[in-house]
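Read through the structure below, which is laid out as structure tokens, and then see the notes.
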Amino acid sequence: MATMSTAVEAPRMTAAEAKARWETGQPMTILDARSPKAYDESEWKIKGDVRVDPERLKIDPSWPKDRLTLVYCT
């Protein structure tokens with residue numbers, strides 16, 4: 001069985017925490033990393049999000065530190 005490891009451990013937040021930050025107007029980038037099927041079947045879409053391939057997503061330590069980068073996946 002293959003295991004996945006990441007060099008950078010990303011902190012997690014609840015949907016309520018993410019919504020609270022969004023509502024304050026805090027600068028953030030939202031990456032939607034749901035599978036194509038999950039995305040297509042969902043009635044929930046986040047306005048302004050960036051769709052990314054969940055198979056190719058890697059946490060990049062060079063992402064801007066002055067804004068939150070939120071990755072949404074299921």
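Residue numbering restarts at 1 for every chain of the structure tokens, chains are lettered A, B, ... in their displayed order, and ligands are numbered from 1 as they appear.
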
Show which residues sit within 12 Å of range 50-62 of chain A, as a PyMOL selection string. Count only C-alpha atoms, and ignore same-chain residues fewer than 4 positions away. chain A and resi 4-11+28-40+45-46+66-67+69-74

How would the residues just chosen look if you wrote them out with N, CA and C atoms as a tab-separated table (two decimals), in the first residue's frame?
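Written file, out-v5.tsv:
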```
chain	number	residue	atom	x	y	z
A	4	MET	N	1.17	8.55	1.51
A	4	MET	CA	1.49	9.90	1.05
A	4	MET	C	2.09	10.68	2.21
A	5	SER	N	3.17	11.37	1.95
A	5	SER	CA	3.76	12.21	2.98
A	5	SER	C	3.99	13.60	2.40
A	6	THR	N	4.00	14.57	3.26
A	6	THR	CA	4.26	15.94	2.83
A	6	THR	C	5.40	16.49	3.66
A	7	ALA	N	6.18	17.36	3.04
A	7	ALA	CA	7.30	17.97	3.73
A	7	ALA	C	6.81	19.04	4.70
A	8	VAL	N	5.67	19.63	4.40
A	8	VAL	CA	5.11	20.70	5.21
A	8	VAL	C	3.76	20.23	5.75
A	9	GLU	N	3.60	20.25	7.05
A	9	GLU	CA	2.32	19.88	7.66
A	9	GLU	C	1.44	21.13	7.71
A	10	ALA	N	0.29	21.06	7.07
A	10	ALA	CA	-0.59	22.22	7.01
A	10	ALA	C	-1.56	22.24	8.18
A	11	PRO	N	-1.76	23.39	8.79
A	11	PRO	CA	-2.76	23.49	9.85
A	11	PRO	C	-4.16	23.32	9.25
A	28	MET	N	-7.38	36.23	1.19
A	28	MET	CA	-7.13	34.80	1.16
A	28	MET	C	-7.28	34.27	-0.25
A	29	THR	N	-6.59	33.19	-0.50
A	29	THR	CA	-6.72	32.45	-1.74
A	29	THR	C	-7.35	31.12	-1.38
A	30	ILE	N	-8.41	30.75	-2.09
A	30	ILE	CA	-9.08	29.49	-1.82
A	30	ILE	C	-8.85	28.56	-3.00
A	31	LEU	N	-8.21	27.44	-2.71
A	31	LEU	CA	-7.96	26.42	-3.72
A	31	LEU	C	-8.97	25.30	-3.51
A	32	ASP	N	-9.76	25.00	-4.52
A	32	ASP	CA	-10.76	23.93	-4.43
A	32	ASP	C	-10.13	22.67	-5.02
A	33	ALA	N	-9.79	21.74	-4.13
A	33	ALA	CA	-9.09	20.51	-4.53
A	33	ALA	C	-10.00	19.29	-4.43
A	34	ARG	N	-11.31	19.51	-4.57
A	34	ARG	CA	-12.21	18.36	-4.58
A	34	ARG	C	-12.05	17.60	-5.88
A	35	SER	N	-12.39	16.33	-5.85
A	35	SER	CA	-12.34	15.53	-7.08
A	35	SER	C	-13.32	16.12	-8.08
A	36	PRO	N	-13.09	15.91	-9.37
A	36	PRO	CA	-14.03	16.44	-10.36
A	36	PRO	C	-15.47	15.98	-10.08
A	37	LYS	N	-15.64	14.73	-9.69
A	37	LYS	CA	-16.99	14.22	-9.42
A	37	LYS	C	-17.61	14.94	-8.23
A	38	ALA	N	-16.84	15.09	-7.14
A	38	ALA	CA	-17.36	15.79	-5.96
A	38	ALA	C	-17.71	17.23	-6.29
A	39	TYR	N	-16.88	17.88	-7.08
A	39	TYR	CA	-17.14	19.28	-7.46
A	39	TYR	C	-18.40	19.38	-8.30
A	40	ASP	N	-18.50	18.52	-9.33
A	40	ASP	CA	-19.64	18.57	-10.23
A	40	ASP	C	-20.96	18.26	-9.54
A	45	LYS	N	-20.43	25.94	-4.23
A	45	LYS	CA	-19.25	26.44	-4.92
A	45	LYS	C	-18.82	27.71	-4.19
A	46	ILE	N	-17.55	27.95	-4.10
A	46	ILE	CA	-17.05	29.14	-3.42
A	46	ILE	C	-16.67	30.17	-4.48
A	66	ASP	N	1.54	36.75	3.59
A	66	ASP	CA	0.67	37.84	4.04
A	66	ASP	C	-0.80	37.59	3.75
A	67	ARG	N	-1.13	36.42	3.28
A	67	ARG	CA	-2.52	36.06	3.04
A	67	ARG	C	-2.71	34.57	3.30
A	69	THR	N	-3.85	30.94	2.53
A	69	THR	CA	-4.14	30.06	1.41
A	69	THR	C	-4.91	28.89	1.98
A	70	LEU	N	-6.17	28.78	1.59
A	70	LEU	CA	-7.07	27.77	2.10
A	70	LEU	C	-7.31	26.74	1.02
A	71	VAL	N	-7.05	25.48	1.34
A	71	VAL	CA	-7.28	24.39	0.39
A	71	VAL	C	-8.53	23.65	0.85
A	72	TYR	N	-9.53	23.61	-0.01
A	72	TYR	CA	-10.78	22.92	0.30
A	72	TYR	C	-10.76	21.58	-0.41
A	73	CYS	N	-10.90	20.51	0.36
A	73	CYS	CA	-10.94	19.18	-0.24
A	73	CYS	C	-11.87	18.30	0.60
A	74	THR	N	-12.27	17.20	0.00
A	74	THR	CA	-13.13	16.26	0.71
A	74	THR	C	-12.52	14.88	0.65
```

Strand (DSSP E) residues, from DSSP on the backbone, in chain A, as an MDAnalysis selection string: chainID A and resid 28:32 50:51 68:72

Suppose we keep N, CA and C atoms; can you now write the selection as a tab-separated table (two decimals), in the first residue's frame?
```tsv
chain	number	residue	atom	x	y	z
A	28	MET	N	-7.38	36.23	1.19
A	28	MET	CA	-7.13	34.80	1.16
A	28	MET	C	-7.28	34.27	-0.25
A	29	THR	N	-6.59	33.19	-0.50
A	29	THR	CA	-6.72	32.45	-1.74
A	29	THR	C	-7.35	31.12	-1.38
A	30	ILE	N	-8.41	30.75	-2.09
A	30	ILE	CA	-9.08	29.49	-1.82
A	30	ILE	C	-8.85	28.56	-3.00
A	31	LEU	N	-8.21	27.44	-2.71
A	31	LEU	CA	-7.96	26.42	-3.72
A	31	LEU	C	-8.97	25.30	-3.51
A	32	ASP	N	-9.76	25.00	-4.52
A	32	ASP	CA	-10.76	23.93	-4.43
A	32	ASP	C	-10.13	22.67	-5.02
A	50	VAL	N	-10.11	28.89	-6.80
A	50	VAL	CA	-9.28	28.42	-7.91
A	50	VAL	C	-9.34	26.89	-7.88
A	51	ARG	N	-9.78	26.30	-8.97
A	51	ARG	CA	-9.85	24.85	-9.06
A	51	ARG	C	-8.44	24.30	-9.29
A	68	LEU	N	-3.91	34.24	3.69
A	68	LEU	CA	-4.24	32.85	3.96
A	68	LEU	C	-4.44	32.11	2.66
A	69	THR	N	-3.85	30.94	2.53
A	69	THR	CA	-4.14	30.06	1.41
A	69	THR	C	-4.91	28.89	1.98
A	70	LEU	N	-6.17	28.78	1.59
A	70	LEU	CA	-7.07	27.77	2.10
A	70	LEU	C	-7.31	26.74	1.02
A	71	VAL	N	-7.05	25.48	1.34
A	71	VAL	CA	-7.28	24.39	0.39
A	71	VAL	C	-8.53	23.65	0.85
A	72	TYR	N	-9.53	23.61	-0.01
A	72	TYR	CA	-10.78	22.92	0.30
A	72	TYR	C	-10.76	21.58	-0.41
```

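Considering only chain A, backbone DSSP assigns alpha helix (DSSP H) to Ala15, Ala16, Glu17, Ala18, Lys19, Ala20, Arg21, Trp22, Glu23, Pro36, Lys37, Ala38, Tyr39, Asp40 and Glu41 of chain A.
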
Store the residues of this selection in a file with N, CA and C atoms, as a short mmCIF file (atom, residue, chain, number, x, y, z; two decimals), in the first residue's frame.
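File produced: result_22.cif:
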```cif
data_model
loop_
_atom_site.label_atom_id
_atom_site.label_comp_id
_atom_site.auth_asym_id
_atom_site.auth_seq_id
_atom_site.Cartn_x
_atom_site.Cartn_y
_atom_site.Cartn_z
N ALA A 15 -14.97 24.63 8.84
CA ALA A 15 -15.70 25.47 7.89
C ALA A 15 -16.15 26.77 8.56
N ALA A 16 -16.55 26.69 9.83
CA ALA A 16 -16.98 27.89 10.55
C ALA A 16 -15.83 28.88 10.71
N GLU A 17 -14.64 28.37 11.01
CA GLU A 17 -13.46 29.25 11.14
C GLU A 17 -13.13 29.90 9.80
N ALA A 18 -13.19 29.13 8.73
CA ALA A 18 -12.91 29.67 7.40
C ALA A 18 -13.93 30.74 7.03
N LYS A 19 -15.20 30.48 7.30
CA LYS A 19 -16.26 31.44 7.00
C LYS A 19 -16.05 32.73 7.79
N ALA A 20 -15.69 32.61 9.05
CA ALA A 20 -15.46 33.80 9.88
C ALA A 20 -14.34 34.65 9.31
N ARG A 21 -13.26 34.01 8.88
CA ARG A 21 -12.15 34.77 8.27
C ARG A 21 -12.59 35.43 6.97
N TRP A 22 -13.34 34.69 6.16
CA TRP A 22 -13.83 35.20 4.87
C TRP A 22 -14.67 36.45 5.10
N GLU A 23 -15.54 36.39 6.11
CA GLU A 23 -16.47 37.50 6.38
C GLU A 23 -15.76 38.75 6.90
N PRO A 36 -13.09 15.91 -9.37
CA PRO A 36 -14.03 16.44 -10.36
C PRO A 36 -15.47 15.98 -10.08
N LYS A 37 -15.64 14.73 -9.69
CA LYS A 37 -16.99 14.22 -9.42
C LYS A 37 -17.61 14.94 -8.23
N ALA A 38 -16.84 15.09 -7.14
CA ALA A 38 -17.36 15.79 -5.96
C ALA A 38 -17.71 17.23 -6.29
N TYR A 39 -16.88 17.88 -7.08
CA TYR A 39 -17.14 19.28 -7.46
C TYR A 39 -18.40 19.38 -8.30
N ASP A 40 -18.50 18.52 -9.33
CA ASP A 40 -19.64 18.57 -10.23
C ASP A 40 -20.96 18.26 -9.54
N GLU A 41 -20.93 17.36 -8.57
CA GLU A 41 -22.16 16.94 -7.89
C GLU A 41 -22.55 17.86 -6.73
#
```
